[in-house]
Amino acid sequence: MPAFSCAFPGCRRDLLVIVLVVFVGIGLPIEASAPAYQSHGTEGSYLTNVTNTKKAFPVLAVNYKHVRQPFEIALWILLALLMKLGFHLIPRLSGVVPESCLLIVVGLLVGGLIKVIGEEPPVLDSQLFFLCLLPPIILDAGYFLPIRPFTENVGTILVFAVIGTLWNTFFMGGLLYALCQIESVGLGGVDLLACLLFGSIVSAVDPVAVLAVFEEIHINELVHILVFGESLLNDAVTVVLYNLFEEFAKVGTVTVLDVFLGVVCFFVVSLGGVLVGAIYGFLAAFTSRFTSHTRVIEPLFVFLYSYMAYLSSEMFHLSGIMALIVCGVVMRPYVEANISHKSYTTIKYFLKMWSSVSETLIFIFLGVSTVAGPHAWNWTFVITTVILCLVSRVLGVIGLTFIINKFRIVKLTKKDQFIVAYGGLRGAIAFSLGYLLSNRHQMRNLFLTAIITVIFFTVFVQGMTIRPLVELLAVKKKKESKPSINEEIHTEFLNHLLTGVEGVCGHYGHYHWKEKLNRFNKTYVKRWLIAGENFKEPELIAFYRKMELKQAIMMVESGQLPSALPSTISMQNIQPRAIPRVSKKREEEIRRILRSNLQNNKQKMRSRSYSRHTLFDADEEDNVSEVRLRKTKMEMERRVSVMERRMSHYLTVPANRESPRPGVRRVRFESDNQVFSADSVPTVHFEQPSPPSTPDAVSLEEEVPKRPSLEADIEGPRGNASDNHQGELDYQRLARCLSDPGPNKDKEEDDPFMSC
Amino acid sequence: MGALQSLPDEFEYRDLSEKTGFSFEQIGILHKRFKQLSHNEDTLRRDDLNTIPDLSCNPIRTQIIEAFFDKRNFHQNGEGTVQEISFEEFLVVMSHFRPPALDMTEEQREIIRREKLRFLFNMHDTDNDGTITLEEYRHVVEELLSRSGALGKETAKGIADAAMLEVASISMGHMEPDEFYEGITFEHFLKILKDIEIETRMNIRFLNMDTTNLCK
């Protein structure tokens, strides 16, 4: 077991304390369970003796049995989370070793401790795993799945998932069978089907492990989605192969009909899972349309419908993982258009929380089960398994990429291939499937040992070395996505352009069908599934509003006005000159005064990464924030109007009008962008009858020709008063939007939430 | 049917292939489509493209059609627009959408990226003065949003203004208050869109096109 190297002296002591607490905590329930049974017996005798003797009323009594099960569960979870906490307190460790490794080690320690006490350490119960621990992780992954890269690469992902897994299974199964035939190994009793069964269990890439490791290395989007998508979609293949070989192993022989049925079963399992997920997804979307009066329970619908999708498909032996993913993907755009801002945050937080806990527990249990489980060690078999895993993965990836690249526009480079191959980690799913093998298989223990060894190898060796390798090979990392409105405009422009050119070519390609789907979605589906009038809003506008709101949220959050950047570009720099100007000196003076007022409040720019461990926190106490926002707004307005009244001459009105309000906001864009990534920010649909800036520009520009007599005196205070009012209204509306509406407010405040 | 073009003339195709980079097969398919659209004449007019039903619900239809008749896209250093185009010019415009080959060096990729972005730039810069002004950008955004409901020109203006500010901030950094940002030059355009990997996204698959049953 690796020794923890601490940066500061206290942490070693802390760890020891934690371990001791754990020890006591675990020892207690286990020992308490013994006397619990005895007390039951004495209770019975107590009742019969009650008439004979009068005992003193028990002031303090221990009845552990009553709370045993939930107590133990809570204790385990608490232990897991304390461990997680501990890791992040040790500075250097979390940078070098991925969390999954550390958790497995802790599991080993705990399992060892339990064994030392003399108790039987609990093994990762497959039912617990598949029904309770796995769904939150998959739902989290599916709900936040980046759709665009996924759909662009879905062909590649499917090829890797299906054909890659099949290749791995047969290659490994076949070669292991050949190995077992060799006399010296001493495994003559293993038949081909058992080997193939083993191959099917151990060849599937595990989503939990992949998520855990890849999240920390921030690899570029393409590779990430390839490995991750593969790990999700290969579930169907794994389920089919596993059940198939299990059945065949019982019978002992395989006919052509069986193989054919197996293929049919694969399609049934995968498409069935997708269908079940889609049905529940649409149900959830439809339900969310009506939740405007009961906002509090909105997140529950999301969770419950998804869980039902998972359970329903598991009931029919369909692919539960695919159902869950499809459910999340299908319901997300509609649900997010309907639910409130707070519900969105709740959903996000809960999903992250549950998946985090699940992942931690899974890895710890893996460690404990390793100590607990029955083992049968056979050097040759195990070592060969590990080597074959690697070899088959590499060969599979290279071979498949060679074929796939003929069909891809963006080819996969050698570096991409390496990471895809190296990132094929195995994890707890393989272990649970192995554990589910009935004891009938005489090789069960051997298989379990081999599976655990493979898991350890991939998680520890590959997991730990992948980060330095990524650095070494200079693989492209994920770019810090700054939502830029120009990129957004041009992305949409490109889509339409390519659809149009495809139309000119007469080629019904990718874009054509995507456009058709979008149109179908807009005209029919959205009408049914999205409450209110929001289904009409186009993406670009939603994006723009989201950006504006991000800024406003940032302003509220910091409680201050954003300061002027080094680039002080405002509307006047780009607006064509239509208004007569005054002396430069005056202009400078006004501007300086305004700027200094704004600059008094510097805003810290924080950039947060979107990962399992950190969530962008945009929740503020709404009352305080509303008050603050309004106060700062009023202050700004007051100052500006004071300035304007003082000056008789007026310069480029858009500058003055715009820079304190929208101008300032505009200038913020490029720097703000780095704080958010499109997915991680809660958004609110900001219903404005007209955006604040343009009425100014339009109305004031119009007013200029009307008053040629006044040299530069353009509708100063009056124009501003009305704009003031307008601006104030806007801000009030904004503030109200940010606070979650109660059920009885009018529609304006009940602005549903929209995201791209 | 023009007697000159009734047979796929391989010699002619070779010339075109060298010029545009399409394969003979692709040129053949596109030629069939060209003849279909132009009703078997030698030149294509705007009206021929207007009649394509797939384009009718495209918000930027006018710009797309204009791009085909824009001399700047013909790689001949011409300017202005024409009323009708030949097959060669059609092919040259189409070649902007060809996917890059796998084994390209970084420089070649850069060249292709510039070419594609130049195409986009030309689509926006309608008055051909080398810059995209605020008005032109506003027009672009308005067109994009024209199909999508009755949100009016105000929002489009707001979005375009915000976008322009962003470009100005990125390209110019700091500007004095009295400076005026003329418009987006091609270099600025390259800069703001460098994160969209245009050479991989602005592509159409030109194989697998069977135009015989797909014409409307």
# chains A, B, ... in the order shown; residues from 1 in each chain; ligands from 1

$ residues_around --residues "A:His510" --least-positions-apart "5" --cutoff "10 Å" --atoms "only C-alpha atoms" --output "NGL selection string"
(:A and (152 or 498-499 or 502 or 515)) or (:B and (204-205))

$ residues_around --residues "A:Val397" --least-positions-apart "3" --cutoff "12 Å" --atoms "only C-alpha atoms" --output "PyMOL selection string"
chain A and resi 156-157+159-161+163-165+167-168+226-227+230+390-394+400-405+412-424

$ write_last_selection --atoms "N, CA and C atoms" --output "compact mmCIF listing (two decimals), in the first residue's frame"
# COMPACT_ATOMS: atom_id res chain seq x y z
N THR A 156 -18.78 6.68 -35.20
CA THR A 156 -17.53 6.17 -34.67
C THR A 156 -17.73 5.51 -33.32
N ILE A 157 -18.51 6.19 -32.48
CA ILE A 157 -18.72 5.66 -31.13
C ILE A 157 -19.38 4.29 -31.19
N VAL A 159 -19.31 2.16 -33.64
CA VAL A 159 -18.38 1.15 -34.14
C VAL A 159 -17.45 0.68 -33.03
N PHE A 160 -16.91 1.62 -32.28
CA PHE A 160 -16.03 1.22 -31.19
C PHE A 160 -16.78 0.40 -30.15
N ALA A 161 -17.99 0.85 -29.84
CA ALA A 161 -18.72 0.18 -28.75
C ALA A 161 -19.09 -1.23 -29.15
N ILE A 163 -18.49 -3.15 -32.28
CA ILE A 163 -17.51 -4.02 -32.92
C ILE A 163 -16.27 -4.16 -32.05
N GLY A 164 -15.88 -3.07 -31.42
CA GLY A 164 -14.71 -3.14 -30.55
C GLY A 164 -14.91 -4.12 -29.42
N THR A 165 -16.08 -4.06 -28.78
CA THR A 165 -16.32 -4.97 -27.66
C THR A 165 -16.39 -6.41 -28.15
N TRP A 167 -14.92 -7.67 -30.73
CA TRP A 167 -13.55 -8.09 -31.04
C TRP A 167 -12.79 -8.48 -29.76
N ASN A 168 -12.90 -7.58 -28.75
CA ASN A 168 -12.21 -7.85 -27.49
C ASN A 168 -12.65 -9.17 -26.90
N LEU A 226 -15.41 10.21 -27.51
CA LEU A 226 -15.27 8.88 -28.08
C LEU A 226 -15.18 7.81 -27.00
N VAL A 227 -14.27 8.02 -26.06
CA VAL A 227 -14.10 7.00 -25.02
C VAL A 227 -15.34 6.92 -24.14
N GLU A 230 -18.31 5.47 -25.96
CA GLU A 230 -18.14 4.04 -26.10
C GLU A 230 -18.47 3.33 -24.81
N LEU A 390 -4.79 -5.48 -22.74
CA LEU A 390 -4.10 -4.36 -23.37
C LEU A 390 -3.95 -4.59 -24.87
N VAL A 391 -3.45 -5.77 -25.19
CA VAL A 391 -3.15 -6.04 -26.60
C VAL A 391 -4.40 -5.97 -27.45
N SER A 392 -5.46 -6.61 -26.98
CA SER A 392 -6.67 -6.63 -27.80
C SER A 392 -7.24 -5.23 -27.93
N ARG A 393 -7.12 -4.44 -26.89
CA ARG A 393 -7.64 -3.08 -26.97
C ARG A 393 -6.88 -2.28 -28.01
N VAL A 394 -5.56 -2.38 -27.95
CA VAL A 394 -4.75 -1.61 -28.89
C VAL A 394 -5.02 -2.05 -30.32
N LEU A 400 -9.91 -0.65 -36.06
CA LEU A 400 -11.17 0.03 -36.31
C LEU A 400 -10.95 1.45 -36.82
N THR A 401 -9.96 2.12 -36.26
CA THR A 401 -9.71 3.49 -36.71
C THR A 401 -9.33 3.50 -38.18
N PHE A 402 -8.56 2.51 -38.59
CA PHE A 402 -8.17 2.44 -39.99
C PHE A 402 -9.39 2.41 -40.89
N ILE A 403 -10.39 1.61 -40.45
CA ILE A 403 -11.60 1.53 -41.27
C ILE A 403 -12.43 2.80 -41.13
N ILE A 404 -12.55 3.29 -39.90
CA ILE A 404 -13.43 4.43 -39.66
C ILE A 404 -12.92 5.68 -40.36
N ASN A 405 -11.60 5.83 -40.40
CA ASN A 405 -11.07 7.06 -40.98
C ASN A 405 -11.44 7.24 -42.44
N LEU A 412 -9.02 10.57 -37.20
CA LEU A 412 -8.41 10.36 -35.89
C LEU A 412 -6.92 10.20 -36.05
N THR A 413 -6.19 11.04 -35.35
CA THR A 413 -4.73 10.97 -35.48
C THR A 413 -4.20 9.85 -34.58
N LYS A 414 -2.89 9.61 -34.74
CA LYS A 414 -2.30 8.54 -33.94
C LYS A 414 -2.38 8.85 -32.45
N LYS A 415 -2.24 10.13 -32.13
CA LYS A 415 -2.32 10.49 -30.71
C LYS A 415 -3.71 10.20 -30.17
N ASP A 416 -4.72 10.58 -30.96
CA ASP A 416 -6.09 10.30 -30.53
C ASP A 416 -6.28 8.81 -30.31
N GLN A 417 -5.76 8.03 -31.25
CA GLN A 417 -5.94 6.59 -31.13
C GLN A 417 -5.28 6.06 -29.88
N PHE A 418 -4.12 6.60 -29.58
CA PHE A 418 -3.42 6.12 -28.40
C PHE A 418 -4.23 6.38 -27.14
N ILE A 419 -4.75 7.59 -27.06
CA ILE A 419 -5.51 7.92 -25.84
C ILE A 419 -6.78 7.08 -25.77
N VAL A 420 -7.42 6.87 -26.91
CA VAL A 420 -8.63 6.06 -26.90
C VAL A 420 -8.29 4.65 -26.42
N ALA A 421 -7.19 4.12 -26.92
CA ALA A 421 -6.82 2.77 -26.53
C ALA A 421 -6.41 2.72 -25.05
N TYR A 422 -5.62 3.70 -24.66
CA TYR A 422 -5.10 3.69 -23.30
C TYR A 422 -6.18 4.03 -22.29
N GLY A 423 -7.20 4.72 -22.75
CA GLY A 423 -8.24 5.14 -21.81
C GLY A 423 -9.34 4.12 -21.64
N GLY A 424 -9.14 2.95 -22.19
CA GLY A 424 -10.18 1.94 -22.05
C GLY A 424 -10.08 1.24 -20.71

$ select_by_dssp --residues "stretch 31-201 of chain B" --states "helix (DSSP H, G or I)" --output "VMD selection string"
chain B and resid 31 to 37 46 to 50 53 to 55 61 to 68 71 to 74 87 to 97 106 to 124 134 to 146 152 to 172 186 to 192 198 to 201

$ write_last_selection --atoms "C-alpha atoms" --output "mmCIF file, in the first residue's frame"
data_model
loop_
_atom_site.group_PDB
_atom_site.id
_atom_site.type_symbol
_atom_site.label_atom_id
_atom_site.label_comp_id
_atom_site.auth_asym_id
_atom_site.auth_seq_id
_atom_site.Cartn_x
_atom_site.Cartn_y
_atom_site.Cartn_z
ATOM 1 C CA HIS B 31 -22.449 18.108 -63.662
ATOM 2 C CA LYS B 32 -25.635 16.116 -63.705
ATOM 3 C CA ARG B 33 -27.018 18.299 -60.958
ATOM 4 C CA PHE B 34 -25.982 21.419 -62.814
ATOM 5 C CA LYS B 35 -27.791 20.302 -65.904
ATOM 6 C CA GLN B 36 -30.830 19.460 -63.878
ATOM 7 C CA LEU B 37 -30.920 22.865 -62.258
ATOM 8 C CA ARG B 46 -30.491 32.966 -60.088
ATOM 9 C CA ASP B 47 -34.037 31.925 -60.854
ATOM 10 C CA ASP B 48 -32.922 28.363 -61.351
ATOM 11 C CA LEU B 49 -31.578 28.300 -57.845
ATOM 12 C CA ASN B 50 -34.595 30.091 -56.481
ATOM 13 C CA PRO B 53 -37.724 23.809 -52.755
ATOM 14 C CA ASP B 54 -35.192 22.858 -50.092
ATOM 15 C CA LEU B 55 -33.890 26.363 -50.093
ATOM 16 C CA ARG B 61 -31.315 31.828 -48.947
ATOM 17 C CA THR B 62 -30.594 35.098 -50.689
ATOM 18 C CA GLN B 63 -27.061 35.228 -49.445
ATOM 19 C CA ILE B 64 -26.385 31.654 -50.452
ATOM 20 C CA ILE B 65 -27.649 32.249 -53.952
ATOM 21 C CA GLU B 66 -25.713 35.479 -54.190
ATOM 22 C CA ALA B 67 -22.564 33.661 -53.206
ATOM 23 C CA PHE B 68 -22.824 31.561 -56.321
ATOM 24 C CA LYS B 71 -17.160 36.922 -58.787
ATOM 25 C CA ARG B 72 -14.939 37.037 -55.765
ATOM 26 C CA ASN B 73 -15.622 33.368 -55.214
ATOM 27 C CA PHE B 74 -14.423 32.352 -58.639
ATOM 28 C CA PHE B 87 -20.419 24.889 -64.853
ATOM 29 C CA GLU B 88 -16.807 25.679 -64.167
ATOM 30 C CA GLU B 89 -17.707 28.575 -61.948
ATOM 31 C CA PHE B 90 -20.358 26.487 -60.223
ATOM 32 C CA LEU B 91 -17.728 23.895 -59.490
ATOM 33 C CA VAL B 92 -15.279 26.450 -58.178
ATOM 34 C CA VAL B 93 -17.833 27.756 -55.712
ATOM 35 C CA MET B 94 -18.628 24.212 -54.650
ATOM 36 C CA SER B 95 -14.994 23.475 -54.111
ATOM 37 C CA HIS B 96 -15.048 25.721 -51.090
ATOM 38 C CA PHE B 97 -16.969 22.981 -49.358
ATOM 39 C CA GLU B 106 -0.452 22.605 -40.865
ATOM 40 C CA GLU B 107 0.247 25.210 -43.525
ATOM 41 C CA GLN B 108 -2.043 23.594 -46.025
ATOM 42 C CA ARG B 109 -4.743 23.472 -43.388
ATOM 43 C CA GLU B 110 -4.196 27.120 -42.708
ATOM 44 C CA ILE B 111 -4.563 27.922 -46.389
ATOM 45 C CA ILE B 112 -7.776 25.991 -46.607
ATOM 46 C CA ARG B 113 -9.072 27.640 -43.473
ATOM 47 C CA ARG B 114 -8.379 31.054 -44.939
ATOM 48 C CA GLU B 115 -10.094 30.108 -48.146
ATOM 49 C CA LYS B 116 -13.240 28.970 -46.413
ATOM 50 C CA LEU B 117 -13.309 31.936 -44.111
ATOM 51 C CA ARG B 118 -12.803 34.167 -47.119
ATOM 52 C CA PHE B 119 -15.920 32.665 -48.612
ATOM 53 C CA LEU B 120 -17.866 33.444 -45.460
ATOM 54 C CA PHE B 121 -16.407 36.915 -45.348
ATOM 55 C CA ASN B 122 -17.473 37.587 -48.900
ATOM 56 C CA MET B 123 -20.954 36.521 -48.028
ATOM 57 C CA HIS B 124 -21.141 39.135 -45.315
ATOM 58 C CA LEU B 134 -22.049 47.351 -38.463
ATOM 59 C CA GLU B 135 -24.889 47.681 -40.933
ATOM 60 C CA GLU B 136 -23.812 44.658 -42.873
ATOM 61 C CA TYR B 137 -23.453 42.628 -39.704
ATOM 62 C CA ARG B 138 -26.848 43.722 -38.529
ATOM 63 C CA HIS B 139 -28.253 42.603 -41.827
ATOM 64 C CA VAL B 140 -26.659 39.192 -41.382
ATOM 65 C CA VAL B 141 -28.169 38.693 -37.960
ATOM 66 C CA GLU B 142 -31.536 39.950 -39.101
ATOM 67 C CA GLU B 143 -31.576 37.464 -41.925
ATOM 68 C CA LEU B 144 -30.612 34.685 -39.556
ATOM 69 C CA LEU B 145 -33.472 35.519 -37.275
ATOM 70 C CA SER B 146 -35.943 36.351 -39.975
ATOM 71 C CA GLY B 152 -38.358 42.058 -34.556
ATOM 72 C CA LYS B 153 -35.317 43.890 -35.655
ATOM 73 C CA GLU B 154 -34.516 45.266 -32.239
ATOM 74 C CA THR B 155 -33.154 42.076 -30.831
ATOM 75 C CA ALA B 156 -31.241 41.420 -34.001
ATOM 76 C CA LYS B 157 -29.706 44.843 -33.705
ATOM 77 C CA GLY B 158 -28.819 44.211 -30.109
ATOM 78 C CA ILE B 159 -27.154 40.938 -30.923
ATOM 79 C CA ALA B 160 -25.269 42.398 -33.837
ATOM 80 C CA ASP B 161 -24.110 45.304 -31.740
ATOM 81 C CA ALA B 162 -22.900 42.995 -29.017
ATOM 82 C CA ALA B 163 -21.087 40.873 -31.538
ATOM 83 C CA MET B 164 -19.446 43.878 -33.094
ATOM 84 C CA LEU B 165 -18.301 45.113 -29.716
ATOM 85 C CA GLU B 166 -16.802 41.750 -29.059
ATOM 86 C CA VAL B 167 -14.902 41.781 -32.310
ATOM 87 C CA ALA B 168 -13.680 45.274 -31.646
ATOM 88 C CA SER B 169 -12.553 44.337 -28.175
ATOM 89 C CA ILE B 170 -10.733 41.268 -29.319
ATOM 90 C CA SER B 171 -9.115 42.838 -32.324
ATOM 91 C CA MET B 172 -8.341 46.299 -31.157
ATOM 92 C CA PHE B 186 -10.576 39.930 -42.942
ATOM 93 C CA GLU B 187 -7.757 39.590 -40.449
ATOM 94 C CA HIS B 188 -10.043 40.380 -37.553
ATOM 95 C CA PHE B 189 -12.552 37.945 -38.961
ATOM 96 C CA LEU B 190 -9.909 35.234 -38.958
ATOM 97 C CA LYS B 191 -9.036 36.066 -35.402
ATOM 98 C CA ILE B 192 -12.486 35.852 -33.923
ATOM 99 C CA ILE B 198 -13.757 25.813 -39.967
ATOM 100 C CA GLU B 199 -11.751 23.494 -42.155
ATOM 101 C CA THR B 200 -13.410 20.549 -40.478
ATOM 102 C CA ARG B 201 -16.879 21.964 -40.159
#

$ residues_around --residues "A:Leu304" --least-positions-apart "3" --cutoff "12 Å" --atoms "only C-alpha atoms" --output "short mmCIF file (atom, residue, chain, number, x, y, z; two decimals) with C-alpha atoms, in the first residue's frame"
data_model
loop_
_atom_site.label_atom_id
_atom_site.label_comp_id
_atom_site.auth_asym_id
_atom_site.auth_seq_id
_atom_site.Cartn_x
_atom_site.Cartn_y
_atom_site.Cartn_z
CA PRO A 135 -27.99 4.81 -11.97
CA PRO A 136 -27.03 8.21 -10.50
CA LEU A 139 -28.03 9.75 -15.25
CA TYR A 280 -40.05 8.13 -20.24
CA GLY A 281 -38.18 11.15 -21.47
CA LEU A 283 -43.39 11.72 -20.35
CA ALA A 284 -41.11 13.72 -18.11
CA THR A 287 -45.19 16.49 -17.07
CA ILE A 297 -41.24 19.03 -6.81
CA GLU A 298 -39.95 19.60 -10.32
CA PRO A 299 -36.55 18.00 -9.78
CA LEU A 300 -38.20 14.92 -8.41
CA PHE A 301 -39.97 14.32 -11.69
CA TYR A 307 -35.05 5.94 -12.53
CA MET A 308 -38.28 4.35 -13.71
CA ALA A 309 -36.86 4.20 -17.21
CA TYR A 310 -33.83 2.40 -15.86
CA LEU A 311 -35.82 -0.04 -13.77
CA SER A 312 -38.33 -0.73 -16.52
CA LEU A 324 -31.17 6.18 -18.86
CA CYS A 327 -34.18 9.53 -21.22
CA GLY A 328 -31.87 12.25 -19.98
CA ILE A 347 -31.27 19.03 -10.42
#

$ atom_distance --atom1 "atom CA of A:Lys526" --atom2 "atom CA of A:His496"
20.6 Å

$ residues_around --residues "A:Ala285" --least-positions-apart "2" --cutoff "9 Å" --atoms "only C-alpha atoms" --output "ChimeraX atom specification"
/A:280-283,287-289,302,330-336,338,529-530

$ atom_distance --atom1 "atom CA of A:Ala323" --atom2 "atom CA of A:Ala212"
21.7 Å

$ select_by_dssp --residues "chain B" --states "strand (DSSP E or B)" --output "VMD selection string"
chain B and resid 44 to 45 70 81 84 to 85 131 to 132 184 to 185

$ write_last_selection --atoms "N, CA and C atoms" --output "PDB file, in the first residue's frame"
ATOM      1  N   LEU B  44     -26.250  28.806 -65.570  1.00  0.00           N
ATOM      2  CA  LEU B  44     -27.217  28.760 -64.476  1.00  0.00           C
ATOM      3  C   LEU B  44     -27.574  30.194 -64.104  1.00  0.00           C
ATOM      4  N   ARG B  45     -28.838  30.403 -63.834  1.00  0.00           N
ATOM      5  CA  ARG B  45     -29.257  31.730 -63.414  1.00  0.00           C
ATOM      6  C   ARG B  45     -29.799  31.703 -62.001  1.00  0.00           C
ATOM      7  N   ASP B  70     -21.201  35.544 -57.137  1.00  0.00           N
ATOM      8  CA  ASP B  70     -20.234  36.539 -56.705  1.00  0.00           C
ATOM      9  C   ASP B  70     -18.874  36.234 -57.323  1.00  0.00           C
ATOM     10  N   THR B  81     -20.840  41.097 -59.378  1.00  0.00           N
ATOM     11  CA  THR B  81     -21.654  39.894 -59.543  1.00  0.00           C
ATOM     12  C   THR B  81     -21.950  39.679 -61.021  1.00  0.00           C
ATOM     13  N   GLU B  84     -25.230  35.101 -64.756  1.00  0.00           N
ATOM     14  CA  GLU B  84     -25.314  33.668 -64.937  1.00  0.00           C
ATOM     15  C   GLU B  84     -23.917  33.075 -64.851  1.00  0.00           C
ATOM     16  N   ILE B  85     -23.865  31.808 -64.459  1.00  0.00           N
ATOM     17  CA  ILE B  85     -22.560  31.171 -64.271  1.00  0.00           C
ATOM     18  C   ILE B  85     -22.482  29.896 -65.079  1.00  0.00           C
ATOM     19  N   THR B 131     -14.390  45.367 -45.611  1.00  0.00           N
ATOM     20  CA  THR B 131     -14.728  45.285 -44.198  1.00  0.00           C
ATOM     21  C   THR B 131     -16.212  44.973 -44.052  1.00  0.00           C
ATOM     22  N   ILE B 132     -16.525  44.326 -42.950  1.00  0.00           N
ATOM     23  CA  ILE B 132     -17.928  44.105 -42.622  1.00  0.00           C
ATOM     24  C   ILE B 132     -18.316  45.221 -41.668  1.00  0.00           C
ATOM     25  N   ILE B 184     -15.204  45.046 -39.561  1.00  0.00           N
ATOM     26  CA  ILE B 184     -14.393  43.847 -39.369  1.00  0.00           C
ATOM     27  C   ILE B 184     -13.593  43.596 -40.637  1.00  0.00           C
ATOM     28  N   THR B 185     -12.302  43.699 -40.528  1.00  0.00           N
ATOM     29  CA  THR B 185     -11.481  43.342 -41.673  1.00  0.00           C
ATOM     30  C   THR B 185     -11.300  41.838 -41.709  1.00  0.00           C
TER      31      THR B 185
END

$ closest_residue --among "A:Phe171, A:Phe198, A:Phe248, A:Tyr143" --to "A:Arg444" --atoms "only C-alpha atoms"
A:Phe198

$ atom_distance --atom1 "atom CA of A:Lys479" --atom2 "atom CA of A:Ser231"
22.9 Å

$ residues_around --residues "A:Val274" --least-positions-apart "4" --cutoff "7 Å" --atoms "only C-alpha atoms" --output "number ranges by chain"
A: 270, 278, 322-323, 326

$ write_last_selection --atoms "N, CA and C atoms" --output "PDB file, in the first residue's frame"
ATOM      1  N   SER A 270     -30.789  -3.184 -27.445  1.00  0.00           N
ATOM      2  CA  SER A 270     -30.364  -1.791 -27.574  1.00  0.00           C
ATOM      3  C   SER A 270     -31.516  -0.895 -27.996  1.00  0.00           C
ATOM      4  N   ALA A 278     -36.764   6.840 -24.346  1.00  0.00           N
ATOM      5  CA  ALA A 278     -37.417   7.947 -25.046  1.00  0.00           C
ATOM      6  C   ALA A 278     -38.832   8.160 -24.520  1.00  0.00           C
ATOM      7  N   MET A 322     -28.552   2.448 -21.552  1.00  0.00           N
ATOM      8  CA  MET A 322     -28.965   3.203 -22.733  1.00  0.00           C
ATOM      9  C   MET A 322     -30.294   3.883 -22.502  1.00  0.00           C
ATOM     10  N   ALA A 323     -31.188   3.206 -21.787  1.00  0.00           N
ATOM     11  CA  ALA A 323     -32.478   3.833 -21.486  1.00  0.00           C
ATOM     12  C   ALA A 323     -32.270   5.110 -20.693  1.00  0.00           C
ATOM     13  N   VAL A 326     -30.735   7.906 -22.910  1.00  0.00           N
ATOM     14  CA  VAL A 326     -31.693   8.454 -23.870  1.00  0.00           C
ATOM     15  C   VAL A 326     -32.758   9.272 -23.149  1.00  0.00           C
TER      16      VAL A 326
END

$ residues_around --residues "A:Leu497" --least-positions-apart "4" --cutoff "8 Å" --atoms "only C-alpha atoms" --output "PyMOL selection string"
(chain A and resi 493+501) or (chain B and resi 60+64)

$ write_last_selection --atoms "all heavy atoms" --output "PDB file, in the first residue's frame"
ATOM      1  N   PHE A 493     -24.991  30.356 -38.660  1.00  0.00           N
ATOM      2  CA  PHE A 493     -24.883  30.740 -40.065  1.00  0.00           C
ATOM      3  C   PHE A 493     -24.363  29.578 -40.886  1.00  0.00           C
ATOM      4  O   PHE A 493     -24.889  29.254 -41.956  1.00  0.00           O
ATOM      5  CB  PHE A 493     -23.936  31.942 -40.180  1.00  0.00           C
ATOM      6  CG  PHE A 493     -23.941  32.580 -41.523  1.00  0.00           C
ATOM      7  CD1 PHE A 493     -24.923  33.485 -41.874  1.00  0.00           C
ATOM      8  CD2 PHE A 493     -22.958  32.271 -42.453  1.00  0.00           C
ATOM      9  CE1 PHE A 493     -24.923  34.082 -43.123  1.00  0.00           C
ATOM     10  CE2 PHE A 493     -22.962  32.861 -43.701  1.00  0.00           C
ATOM     11  CZ  PHE A 493     -23.944  33.771 -44.037  1.00  0.00           C
ATOM     12  N   VAL A 501     -26.390  24.703 -49.184  1.00  0.00           N
ATOM     13  CA  VAL A 501     -25.538  24.179 -50.254  1.00  0.00           C
ATOM     14  C   VAL A 501     -25.867  22.721 -50.526  1.00  0.00           C
ATOM     15  O   VAL A 501     -25.843  22.263 -51.670  1.00  0.00           O
ATOM     16  CB  VAL A 501     -24.051  24.364 -49.901  1.00  0.00           C
ATOM     17  CG1 VAL A 501     -23.173  23.728 -50.942  1.00  0.00           C
ATOM     18  CG2 VAL A 501     -23.732  25.826 -49.789  1.00  0.00           C
TER      19      VAL A 501
ATOM     20  N   ILE B  60     -31.176  32.194 -44.871  1.00  0.00           N
ATOM     21  CA  ILE B  60     -30.180  32.986 -45.571  1.00  0.00           C
ATOM     22  C   ILE B  60     -30.125  32.617 -47.039  1.00  0.00           C
ATOM     23  O   ILE B  60     -29.075  32.654 -47.671  1.00  0.00           O
ATOM     24  CB  ILE B  60     -28.792  32.835 -44.921  1.00  0.00           C
ATOM     25  CG1 ILE B  60     -28.412  31.358 -44.808  1.00  0.00           C
ATOM     26  CG2 ILE B  60     -28.776  33.468 -43.563  1.00  0.00           C
ATOM     27  CD1 ILE B  60     -26.976  31.194 -44.373  1.00  0.00           C
ATOM     28  N   ILE B  64     -26.996  32.855 -49.868  1.00  0.00           N
ATOM     29  CA  ILE B  64     -26.385  31.654 -50.452  1.00  0.00           C
ATOM     30  C   ILE B  64     -26.409  31.760 -51.972  1.00  0.00           C
ATOM     31  O   ILE B  64     -25.415  31.502 -52.653  1.00  0.00           O
ATOM     32  CB  ILE B  64     -27.135  30.385 -49.999  1.00  0.00           C
ATOM     33  CG1 ILE B  64     -27.006  30.208 -48.496  1.00  0.00           C
ATOM     34  CG2 ILE B  64     -26.605  29.175 -50.711  1.00  0.00           C
ATOM     35  CD1 ILE B  64     -27.752  29.028 -47.961  1.00  0.00           C
TER      36      ILE B  64
END
